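Heads up: the structure comes next, in structure tokens.
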Amino acid sequence: MSRKPYVRPVARTTWWLSKGRYVRYMAREVSSLLIAIYLMVLIIGLMRLSQGPAAWQEYMESLASPVAVLFHLIAFGFTTYHATCWFNVTPKAMRIPSGDDFVPGRLIILAHYAIWGVVSLIILVIAGVL
Amino acid sequence: MAKSNKPIVWGLFAAGGTVSAFVLPALIFVTGLAVPLGIFGDDALSHERIYPFVSHWFVSLVLFGVIVLSIWHAAHRIRITLHDFGMRGDGMIGTVAYFAAGMFTLGTFFALSGM
Amino acid sequence: MSLRQIELEVLRYDPEQDDEPRFQKYSVPCQEEWVVLDALNYVKDNLDGSLSYRWSCHMAVCGSCGMMIDGEPTLSCKAFLRDYGSKIRVEPLANFPIERDLVVVLDDFMSKLKRVKPYLIPKQHKPIADGEYRQTPRQLKLYKQYTLCINCTLCYAACPQFALIPDFIGPAALALAHRYNLDSRDGGRAERQEEVASHEGIWECSFVGACSEVCPKSVDPAGAIQQMKIASTVDWYLERLMPWRNK
């Protein structure tokens, strides 16, 4: 008997719309684009900073435009989502043996959130002082 | 089958993902939202205060590390995301993405060393 | 015991007659506590003897009755009807060629499984007279989770990278490679790395994590692959930065 296996077509561009878990995955991945744009804005800021107070003032004013604020709002949302995804899977990638078992995954995640909180607080305090 | 050289970029990707997860949300909140919207007052991040801070060698070094690792993280993930959206030519996309990350790295270096 | 009428929508494909698959509906009188596999067995025994599908143990051990049930890779022996509506769509596992009806072609998976050498490769030959290998509970714990794999290939049906890149070795085979790499009796990691750390190995994974979500045995292949990425990255840098370590 001859075989004639049927290969189902793959939706190469839209596959991720078929399931919630794939949409969430893509949301995590797309954060990278927003990170790249934000870093570009940040690097431009550093260049403007070294060009003197007038250039810096101009840069700061451009950041207050509605488009800039909207972009940063979206970028803030996506990077925060990316951070939670990243921390939530750390126990999978990093198993820490403890006795005959492993350190509970929850503890590893909790530690990451704690460090995240401290780092964020430090950044906020520095910004408040400056 | 030959072993892949992906670890070069994957190492940077993983380090950058961790750094950007810890740092970027707060950094974006401060530079993109709080300061422009005046939450820290009208003269927050004024040039006379921020310049000496950022140009301090230690702060420069930390900023360089955060930006460069995050950019390599983003470049590698953008490459994968384009593939996930069905784009062909992964090798070409990879070359462009890592070249761009290299340029960003140089840009960051010159911006910080020029202070 | 109460009866419940279920409408099964089954993807049929007869390689001798059909050019492409088609859905066929069956109205099945089901017992409340049945699983989808019971409903299929009812169809085969009472309604349509031509329906083909694989199954054996009916208790989530043999790993042969995996199907897409309402679009989700599931063992049909574990899919309780009470968790579904009155209409259930049953398709062969996604990302595999269809042999006939709900039977998929597993040749590709089998050859990939073989390539990663999923068996103990002892560090050195040890005669039986020297006695058994001893392992501490801790050494066992390191890899035990990955021994639970039943090769049901639900993870392949869930993995979008396998769908996009058919050459990807894939979750279950890589998780099994990891299982042997972590075994204190094993010395075969360097051999497996030739496949595992190749382009078609762990590096095609983008950590979607779907494999671990659908795994009926909680093997967590996604975690295994990330651990191997970290270990392979450490290897890569050590080989280049400290060449004197390479024997």
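Residue numbers start at 1 in each chain; chains themselves are named A, B, ... in the order of the structure tokens; ligands are numbered from 1 in the order shown.
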Go through chain B and flag each residue having an atom no more than 9 Å from chain C; for those, report the closest pair of atoms plus their distance in Å to one decimal, using only C-alpha atoms, ordered by chain and rising number, as a tab-separated table.
```
residue	atom	partner	partner_atom	distance
B:Met1	CA	C:Glu194	CA	5.9
B:Ala2	CA	C:Ser198	CA	5.8
B:Lys3	CA	C:Ser198	CA	4.3
B:Ser4	CA	C:Ser198	CA	4.8
B:Asn5	CA	C:Trp236	CA	7.9
B:Lys6	CA	C:Trp203	CA	7.0
B:Pro7	CA	C:Thr233	CA	4.7
B:Ile8	CA	C:Thr233	CA	7.4
B:Trp10	CA	C:Thr233	CA	7.4
B:Gly11	CA	C:Thr233	CA	6.3
B:Ala14	CA	C:Ile230	CA	8.8
B:Arg77	CA	C:Ser206	CA	8.8
B:Ile80	CA	C:Ser206	CA	7.4
B:His83	CA	C:Leu164	CA	8.9
B:Asp84	CA	C:Gln161	CA	8.1
B:Gly86	CA	C:Leu164	CA	8.2
```
Could you work out which residues of chain A fall inside 8 Å of chain B? Count only C-alpha atoms, and format the result as a tab-separated table (two decimals) with N, CA and C atoms, in the first residue's frame.
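Result saved to result.tsv:
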```tsv
chain	number	residue	atom	x	y	z
A	12	ARG	N	2.35	31.29	8.08
A	12	ARG	CA	3.66	31.79	8.51
A	12	ARG	C	3.62	33.16	9.18
A	13	THR	N	2.64	34.01	8.78
A	13	THR	CA	2.63	35.35	9.37
A	13	THR	C	1.56	35.52	10.45
A	14	THR	N	0.53	34.68	10.41
A	14	THR	CA	-0.60	34.93	11.32
A	14	THR	C	-0.81	33.83	12.35
A	26	MET	N	3.94	36.87	21.64
A	26	MET	CA	4.32	37.91	20.69
A	26	MET	C	4.39	39.27	21.38
A	29	GLU	N	7.67	39.48	22.88
A	29	GLU	CA	8.73	39.62	21.90
A	29	GLU	C	8.78	41.03	21.31
A	30	VAL	N	7.57	41.60	21.08
A	30	VAL	CA	7.49	42.92	20.45
A	30	VAL	C	8.05	44.00	21.38
A	32	SER	N	10.78	44.13	22.45
A	32	SER	CA	12.15	44.40	22.03
A	32	SER	C	12.22	45.59	21.07
A	33	LEU	N	11.21	45.76	20.25
A	33	LEU	CA	11.19	46.87	19.30
A	33	LEU	C	11.07	48.19	20.06
A	35	ILE	N	11.92	48.67	23.16
A	35	ILE	CA	13.18	48.88	23.89
A	35	ILE	C	14.21	49.52	22.97
A	36	ALA	N	14.29	49.02	21.73
A	36	ALA	CA	15.28	49.56	20.79
A	36	ALA	C	15.01	51.04	20.51
A	38	TYR	N	13.33	53.17	22.39
A	38	TYR	CA	13.59	53.95	23.61
A	38	TYR	C	15.09	54.19	23.79
A	39	LEU	N	15.89	53.16	23.57
A	39	LEU	CA	17.33	53.32	23.76
A	39	LEU	C	17.89	54.33	22.76
A	40	MET	N	17.32	54.34	21.56
A	40	MET	CA	17.76	55.32	20.57
A	40	MET	C	17.47	56.73	21.09
A	43	ILE	N	19.99	57.49	23.82
A	43	ILE	CA	21.34	57.80	23.34
A	43	ILE	C	21.39	59.21	22.75
A	46	LEU	N	21.74	61.53	25.55
A	46	LEU	CA	23.11	61.63	26.09
A	46	LEU	C	23.96	62.54	25.20
A	47	MET	N	23.74	62.44	23.88
A	47	MET	CA	24.49	63.30	22.97
A	47	MET	C	24.11	64.76	23.18
A	49	LEU	N	22.93	66.03	25.86
A	49	LEU	CA	23.40	66.44	27.19
A	49	LEU	C	24.82	66.96	27.12
A	50	SER	N	25.65	66.28	26.31
A	50	SER	CA	27.06	66.70	26.24
A	50	SER	C	27.22	67.95	25.38
A	52	GLY	N	25.56	70.70	25.81
A	52	GLY	CA	25.33	71.91	26.60
A	52	GLY	C	23.89	72.12	27.00
A	53	PRO	N	23.65	73.08	27.88
A	53	PRO	CA	22.32	73.31	28.47
A	53	PRO	C	21.24	73.61	27.44
A	56	TRP	N	20.23	70.43	25.67
A	56	TRP	CA	19.52	69.58	26.64
A	56	TRP	C	18.10	70.07	26.87
A	57	GLN	N	17.95	71.39	27.00
A	57	GLN	CA	16.63	71.99	27.21
A	57	GLN	C	15.70	71.66	26.05
A	60	MET	N	14.67	68.06	26.24
A	60	MET	CA	13.66	67.84	27.28
A	60	MET	C	12.29	68.32	26.83
A	61	GLU	N	12.28	69.42	26.10
A	61	GLU	CA	10.98	69.94	25.63
A	61	GLU	C	10.36	68.99	24.60
A	63	LEU	N	10.64	65.87	24.56
A	63	LEU	CA	10.11	64.70	25.26
A	63	LEU	C	8.71	64.96	25.81
A	64	ALA	N	8.34	66.25	25.98
A	64	ALA	CA	7.03	66.57	26.55
A	64	ALA	C	5.93	66.60	25.50
A	68	ALA	N	5.62	61.89	22.05
A	68	ALA	CA	6.69	61.31	22.87
A	68	ALA	C	6.11	60.68	24.13
A	69	VAL	N	5.19	61.39	24.77
A	69	VAL	CA	4.60	60.86	26.02
A	69	VAL	C	3.83	59.57	25.72
A	72	HIS	N	6.26	56.73	25.19
A	72	HIS	CA	6.86	56.26	26.44
A	72	HIS	C	5.85	55.49	27.30
A	73	LEU	N	4.59	55.90	27.20
A	73	LEU	CA	3.55	55.18	27.93
A	73	LEU	C	3.45	53.73	27.41
A	75	ALA	N	5.76	52.11	25.68
A	75	ALA	CA	7.03	51.43	25.96
A	75	ALA	C	7.08	51.00	27.43
A	76	PHE	N	6.58	51.87	28.33
A	76	PHE	CA	6.55	51.53	29.75
A	76	PHE	C	5.69	50.28	29.98
A	77	GLY	N	4.52	50.24	29.33
A	77	GLY	CA	3.64	49.08	29.46
A	77	GLY	C	4.30	47.80	28.99
A	79	THR	N	7.56	47.14	28.45
A	79	THR	CA	8.76	46.71	29.17
A	79	THR	C	8.40	46.15	30.55
A	80	THR	N	7.35	46.72	31.15
A	80	THR	CA	6.90	46.17	32.44
A	80	THR	C	6.39	44.75	32.23
A	82	HIS	N	7.28	42.74	29.80
A	82	HIS	CA	8.46	41.93	29.53
A	82	HIS	C	9.17	41.54	30.82
A	83	ALA	N	9.28	42.50	31.75
A	83	ALA	CA	9.97	42.22	33.01
A	83	ALA	C	9.25	41.12	33.79
A	84	THR	N	7.92	41.20	33.86
A	84	THR	CA	7.19	40.18	34.62
A	84	THR	C	7.35	38.81	33.95
A	86	TRP	N	9.87	37.82	32.16
A	86	TRP	CA	11.26	37.40	32.36
A	86	TRP	C	11.44	36.81	33.76
A	87	PHE	N	10.92	37.52	34.77
A	87	PHE	CA	11.12	37.06	36.15
A	87	PHE	C	10.33	35.78	36.43
A	115	ILE	N	14.39	42.49	44.04
A	115	ILE	CA	15.50	43.25	43.47
A	115	ILE	C	14.97	44.31	42.50
A	116	TRP	N	13.96	43.92	41.72
A	116	TRP	CA	13.34	44.85	40.77
A	116	TRP	C	12.81	46.09	41.51
A	119	VAL	N	15.81	48.25	42.74
A	119	VAL	CA	16.44	48.97	41.63
A	119	VAL	C	15.55	50.12	41.17
A	120	SER	N	14.25	49.84	41.04
A	120	SER	CA	13.32	50.88	40.59
A	120	SER	C	13.29	52.04	41.58
A	123	ILE	N	16.32	54.23	41.21
A	123	ILE	CA	16.22	55.10	40.03
A	123	ILE	C	15.28	56.26	40.32
A	124	LEU	N	14.15	55.98	40.98
A	124	LEU	CA	13.20	57.04	41.30
A	124	LEU	C	13.80	58.06	42.26
A	127	ALA	N	16.27	60.24	40.49
A	127	ALA	CA	15.57	61.20	39.63
A	127	ALA	C	14.95	62.31	40.48
A	128	GLY	N	14.42	61.93	41.65
A	128	GLY	CA	13.81	62.93	42.51
A	128	GLY	C	14.82	63.93	43.02
A	130	LEU	N	17.77	64.65	41.57
A	130	LEU	CA	18.31	65.45	40.47
A	130	LEU	C	17.23	66.37	39.92
```
How would you write, as an NGL selection string, the set of residues in range 24-107 of chain B that DSSP gives as helix (DSSP H, G or I)?
:B and (24-34 or 47-55 or 57-84 or 90-107)
Near-Arg106 in chain A list (10 Å; only C-alpha atoms; drop same-chain fewer than 5 positions) as a VMD selection string:
chain A and resid 88 90 to 91 111 to 112
Selection to disk with N, CA and C atoms, as a compact mmCIF listing (two decimals), in the first residue's frame:
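This went into result25.txt:
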```txt
# COMPACT_ATOMS: atom_id res chain seq x y z
N ASN A 88 9.13 35.69 35.84
CA ASN A 88 8.28 34.53 36.13
C ASN A 88 8.86 33.21 35.61
N THR A 90 12.24 32.60 35.41
CA THR A 90 13.61 32.37 35.87
C THR A 90 13.81 31.01 36.54
N PRO A 91 12.84 30.50 37.33
CA PRO A 91 13.11 29.21 37.97
C PRO A 91 13.25 28.06 36.96
N ALA A 111 12.45 36.74 44.83
CA ALA A 111 13.73 37.44 44.97
C ALA A 111 13.94 38.42 43.82
N HIS A 112 13.57 37.97 42.61
CA HIS A 112 13.73 38.86 41.45
C HIS A 112 12.83 40.09 41.56
```
Those of range 16-220 of chain C in DSSP strand (DSSP E or B), formatted as a PDB file with N, CA and C atoms, in the first residue's frame:
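Okay, this is what ended up in result20.pdb:
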```pdb
ATOM      1  N   ARG C  22     -11.130  16.414   5.531  1.00  0.00           N
ATOM      2  CA  ARG C  22     -12.468  17.015   5.635  1.00  0.00           C
ATOM      3  C   ARG C  22     -13.020  16.658   7.015  1.00  0.00           C
ATOM      4  N   PHE C  23     -13.963  17.496   7.508  1.00  0.00           N
ATOM      5  CA  PHE C  23     -14.562  17.201   8.800  1.00  0.00           C
ATOM      6  C   PHE C  23     -15.775  16.299   8.631  1.00  0.00           C
ATOM      7  N   GLN C  24     -15.930  15.362   9.560  1.00  0.00           N
ATOM      8  CA  GLN C  24     -17.123  14.528   9.575  1.00  0.00           C
ATOM      9  C   GLN C  24     -17.736  14.603  10.969  1.00  0.00           C
ATOM     10  N   LYS C  25     -19.077  14.716  11.015  1.00  0.00           N
ATOM     11  CA  LYS C  25     -19.744  14.859  12.312  1.00  0.00           C
ATOM     12  C   LYS C  25     -20.359  13.544  12.750  1.00  0.00           C
ATOM     13  N   TYR C  26     -20.236  13.270  14.028  1.00  0.00           N
ATOM     14  CA  TYR C  26     -20.873  12.094  14.617  1.00  0.00           C
ATOM     15  C   TYR C  26     -21.643  12.542  15.854  1.00  0.00           C
ATOM     16  N   SER C  27     -22.844  12.063  15.989  1.00  0.00           N
ATOM     17  CA  SER C  27     -23.598  12.334  17.201  1.00  0.00           C
ATOM     18  C   SER C  27     -23.464  11.120  18.109  1.00  0.00           C
ATOM     19  N   VAL C  28     -22.858  11.332  19.275  1.00  0.00           N
ATOM     20  CA  VAL C  28     -22.474  10.198  20.121  1.00  0.00           C
ATOM     21  C   VAL C  28     -23.177  10.271  21.475  1.00  0.00           C
ATOM     22  N   PRO C  29     -23.914   9.227  21.850  1.00  0.00           N
ATOM     23  CA  PRO C  29     -24.475   9.189  23.208  1.00  0.00           C
ATOM     24  C   PRO C  29     -23.392   8.826  24.211  1.00  0.00           C
ATOM     25  N   CYS C  30     -23.042   9.770  25.067  1.00  0.00           N
ATOM     26  CA  CYS C  30     -21.872   9.570  25.948  1.00  0.00           C
ATOM     27  C   CYS C  30     -22.293   9.479  27.404  1.00  0.00           C
ATOM     28  N   GLN C  31     -21.531   8.723  28.156  1.00  0.00           N
ATOM     29  CA  GLN C  31     -21.682   8.724  29.609  1.00  0.00           C
ATOM     30  C   GLN C  31     -20.965   9.963  30.154  1.00  0.00           C
ATOM     31  N   VAL C  35     -14.179  10.020  28.599  1.00  0.00           N
ATOM     32  CA  VAL C  35     -13.198  10.927  28.018  1.00  0.00           C
ATOM     33  C   VAL C  35     -13.404  10.919  26.492  1.00  0.00           C
ATOM     34  N   GLY C  66      -2.543  11.175  21.580  1.00  0.00           N
ATOM     35  CA  GLY C  66      -2.537  12.634  21.493  1.00  0.00           C
ATOM     36  C   GLY C  66      -3.277  13.129  20.268  1.00  0.00           C
ATOM     37  N   MET C  67      -4.108  14.169  20.459  1.00  0.00           N
ATOM     38  CA  MET C  67      -4.874  14.762  19.354  1.00  0.00           C
ATOM     39  C   MET C  67      -5.081  16.232  19.653  1.00  0.00           C
ATOM     40  N   MET C  68      -5.502  16.983  18.636  1.00  0.00           N
ATOM     41  CA  MET C  68      -5.934  18.352  18.877  1.00  0.00           C
ATOM     42  C   MET C  68      -7.407  18.265  19.271  1.00  0.00           C
ATOM     43  N   ILE C  69      -7.706  18.646  20.502  1.00  0.00           N
ATOM     44  CA  ILE C  69      -9.099  18.637  20.940  1.00  0.00           C
ATOM     45  C   ILE C  69      -9.515  20.081  21.192  1.00  0.00           C
ATOM     46  N   GLU C  72      -6.474  22.282  21.002  1.00  0.00           N
ATOM     47  CA  GLU C  72      -5.408  22.184  21.991  1.00  0.00           C
ATOM     48  C   GLU C  72      -4.803  20.772  21.968  1.00  0.00           C
ATOM     49  N   PRO C  73      -3.469  20.652  21.903  1.00  0.00           N
ATOM     50  CA  PRO C  73      -2.871  19.309  21.939  1.00  0.00           C
ATOM     51  C   PRO C  73      -3.181  18.648  23.278  1.00  0.00           C
ATOM     52  N   THR C  74      -3.822  17.493  23.234  1.00  0.00           N
ATOM     53  CA  THR C  74      -4.324  16.848  24.455  1.00  0.00           C
ATOM     54  C   THR C  74      -4.258  15.334  24.276  1.00  0.00           C
ATOM     55  N   LEU C  75      -4.016  14.618  25.372  1.00  0.00           N
ATOM     56  CA  LEU C  75      -4.200  13.165  25.330  1.00  0.00           C
ATOM     57  C   LEU C  75      -5.697  12.914  25.397  1.00  0.00           C
ATOM     58  N   PHE C  80     -11.584  14.837  29.678  1.00  0.00           N
ATOM     59  CA  PHE C  80     -12.905  14.471  30.190  1.00  0.00           C
ATOM     60  C   PHE C  80     -13.994  15.303  29.539  1.00  0.00           C
ATOM     61  N   LYS C  87     -20.288  20.278  21.703  1.00  0.00           N
ATOM     62  CA  LYS C  87     -19.655  20.101  20.398  1.00  0.00           C
ATOM     63  C   LYS C  87     -18.153  20.045  20.624  1.00  0.00           C
ATOM     64  N   ILE C  88     -17.520  18.983  20.154  1.00  0.00           N
ATOM     65  CA  ILE C  88     -16.076  18.862  20.364  1.00  0.00           C
ATOM     66  C   ILE C  88     -15.409  18.612  19.020  1.00  0.00           C
ATOM     67  N   ARG C  89     -14.389  19.420  18.738  1.00  0.00           N
ATOM     68  CA  ARG C  89     -13.690  19.267  17.471  1.00  0.00           C
ATOM     69  C   ARG C  89     -12.407  18.462  17.712  1.00  0.00           C
ATOM     70  N   VAL C  90     -12.227  17.394  16.950  1.00  0.00           N
ATOM     71  CA  VAL C  90     -11.067  16.515  17.130  1.00  0.00           C
ATOM     72  C   VAL C  90     -10.268  16.466  15.833  1.00  0.00           C
ATOM     73  N   GLU C  91      -8.970  16.827  15.935  1.00  0.00           N
ATOM     74  CA  GLU C  91      -8.107  16.810  14.744  1.00  0.00           C
ATOM     75  C   GLU C  91      -6.817  16.067  15.082  1.00  0.00           C
ATOM     76  N   ILE C  98      -0.401  14.096   8.166  1.00  0.00           N
ATOM     77  CA  ILE C  98      -1.477  13.167   8.509  1.00  0.00           C
ATOM     78  C   ILE C  98      -1.307  11.888   7.682  1.00  0.00           C
ATOM     79  N   GLU C  99      -1.217  10.756   8.368  1.00  0.00           N
ATOM     80  CA  GLU C  99      -1.138   9.459   7.684  1.00  0.00           C
ATOM     81  C   GLU C  99      -2.536   9.048   7.223  1.00  0.00           C
ATOM     82  N   ARG C 100      -3.467   9.072   8.168  1.00  0.00           N
ATOM     83  CA  ARG C 100      -4.873   8.738   7.897  1.00  0.00           C
ATOM     84  C   ARG C 100      -5.688   9.194   9.107  1.00  0.00           C
ATOM     85  N   VAL C 103      -4.400   9.680  12.704  1.00  0.00           N
ATOM     86  CA  VAL C 103      -3.056   9.094  12.831  1.00  0.00           C
ATOM     87  C   VAL C 103      -2.050   9.998  12.117  1.00  0.00           C
ATOM     88  N   VAL C 104      -0.992  10.402  12.845  1.00  0.00           N
ATOM     89  CA  VAL C 104       0.017  11.251  12.213  1.00  0.00           C
ATOM     90  C   VAL C 104       1.295  10.461  11.956  1.00  0.00           C
ATOM     91  N   PRO C 122      27.940   5.389  29.397  1.00  0.00           N
ATOM     92  CA  PRO C 122      28.770   5.425  30.614  1.00  0.00           C
ATOM     93  C   PRO C 122      30.123   6.073  30.344  1.00  0.00           C
ATOM     94  N   ASP C 186      26.157   9.109  33.547  1.00  0.00           N
ATOM     95  CA  ASP C 186      26.335   9.321  32.108  1.00  0.00           C
ATOM     96  C   ASP C 186      27.593  10.131  31.812  1.00  0.00           C
ATOM     97  N   SER C 198      23.666  22.391  18.048  1.00  0.00           N
ATOM     98  CA  SER C 198      23.737  22.783  16.636  1.00  0.00           C
ATOM     99  C   SER C 198      22.614  23.779  16.347  1.00  0.00           C
TER     100      SER C 198
END
```
Compile the contact shell of Pro104 in chain A as a PDB file with all heavy atoms, in the first residue's frame: residues with an atom at most 10 Å away, counting only C-alpha atoms, same-chain residues fewer than 6 positions apart removed.
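Final output, saved to out.pdb:
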```pdb
ATOM      1  N   PRO A  91      12.844  30.502  37.328  1.00  0.00           N
ATOM      2  CA  PRO A  91      13.108  29.207  37.967  1.00  0.00           C
ATOM      3  C   PRO A  91      13.255  28.064  36.958  1.00  0.00           C
ATOM      4  O   PRO A  91      13.880  27.051  37.250  1.00  0.00           O
ATOM      5  CB  PRO A  91      11.878  28.966  38.845  1.00  0.00           C
ATOM      6  CG  PRO A  91      11.149  30.237  38.903  1.00  0.00           C
ATOM      7  CD  PRO A  91      11.549  31.048  37.718  1.00  0.00           C
ATOM      8  N   ARG A  95      17.726  26.347  37.968  1.00  0.00           N
ATOM      9  CA  ARG A  95      17.322  25.529  39.104  1.00  0.00           C
ATOM     10  C   ARG A  95      18.447  25.548  40.125  1.00  0.00           C
ATOM     11  O   ARG A  95      19.597  25.290  39.784  1.00  0.00           O
ATOM     12  CB  ARG A  95      17.036  24.099  38.666  1.00  0.00           C
ATOM     13  CG  ARG A  95      15.878  24.000  37.679  1.00  0.00           C
ATOM     14  CD  ARG A  95      15.449  22.577  37.494  1.00  0.00           C
ATOM     15  NE  ARG A  95      16.575  21.714  37.112  1.00  0.00           N
ATOM     16  CZ  ARG A  95      16.505  20.393  37.061  1.00  0.00           C
ATOM     17  NH1 ARG A  95      15.390  19.791  37.396  1.00  0.00           N
ATOM     18  NH2 ARG A  95      17.550  19.691  36.677  1.00  0.00           N
ATOM     19  N   ILE A  96      18.104  25.862  41.358  1.00  0.00           N
ATOM     20  CA  ILE A  96      19.133  25.927  42.399  1.00  0.00           C
ATOM     21  C   ILE A  96      18.932  24.757  43.356  1.00  0.00           C
ATOM     22  O   ILE A  96      17.952  24.727  44.103  1.00  0.00           O
ATOM     23  CB  ILE A  96      19.056  27.263  43.169  1.00  0.00           C
ATOM     24  CG1 ILE A  96      19.144  28.435  42.171  1.00  0.00           C
ATOM     25  CG2 ILE A  96      20.162  27.349  44.204  1.00  0.00           C
ATOM     26  CD1 ILE A  96      18.847  29.770  42.797  1.00  0.00           C
ATOM     27  N   PRO A  97      19.843  23.755  43.326  1.00  0.00           N
ATOM     28  CA  PRO A  97      19.695  22.615  44.235  1.00  0.00           C
ATOM     29  C   PRO A  97      19.814  23.062  45.689  1.00  0.00           C
ATOM     30  O   PRO A  97      20.582  23.980  46.007  1.00  0.00           O
ATOM     31  CB  PRO A  97      20.857  21.691  43.854  1.00  0.00           C
ATOM     32  CG  PRO A  97      21.302  22.156  42.512  1.00  0.00           C
ATOM     33  CD  PRO A  97      21.020  23.628  42.470  1.00  0.00           C
ATOM     34  N   SER A  98      19.007  22.431  46.528  1.00  0.00           N
ATOM     35  CA  SER A  98      19.063  22.718  47.952  1.00  0.00           C
ATOM     36  C   SER A  98      18.756  21.415  48.667  1.00  0.00           C
ATOM     37  O   SER A  98      17.652  20.903  48.570  1.00  0.00           O
ATOM     38  CB  SER A  98      18.037  23.795  48.289  1.00  0.00           C
ATOM     39  OG  SER A  98      17.636  23.701  49.636  1.00  0.00           O
TER      40      SER A  98
END
```
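With distances restricted to only C-alpha atoms, C:Thr136 is the closest residue to chain A from C:Ser86, C:Thr136, C:Gln5, C:Thr153.
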Select, as a PyMOL selection string, those residues of chain C with any atom no more than 10 Å from chain A (distances computed using only C-alpha atoms).
chain C and resi 13-16+18-21+71-72+94-100+103-105+136-142+158-160+163-164+206-210+213+220-230
Could you check how far CA of Cys77 in chain C sits from CA of Leu174 in chain C, in Å to one decimal?
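Between CA of Cys77 in chain C and CA of Leu174 in chain C the gap is 25.3 Å.
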From the set A:Ile74, A:Val129, A:Leu110, A:Gly105, which residue has the shortest atom-to-atom contact distance to Leu34 in chain A, counting only C-alpha atoms?
A:Ile74
Calculate how many Å separate CA of Lys144 in chain C from CA of Lys126 in chain C, rounding to one decimal.
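Taking CA of Lys144 in chain C as the start and CA of Lys126 in chain C as the end point, the length is 23.0 Å.
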Quick one: distance from CA of Ser212 in chain C to CA of Pro171 in chain C in Å, one decimal?
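For CA of Ser212 in chain C relative to CA of Pro171 in chain C, the distance reads 8.7 Å.
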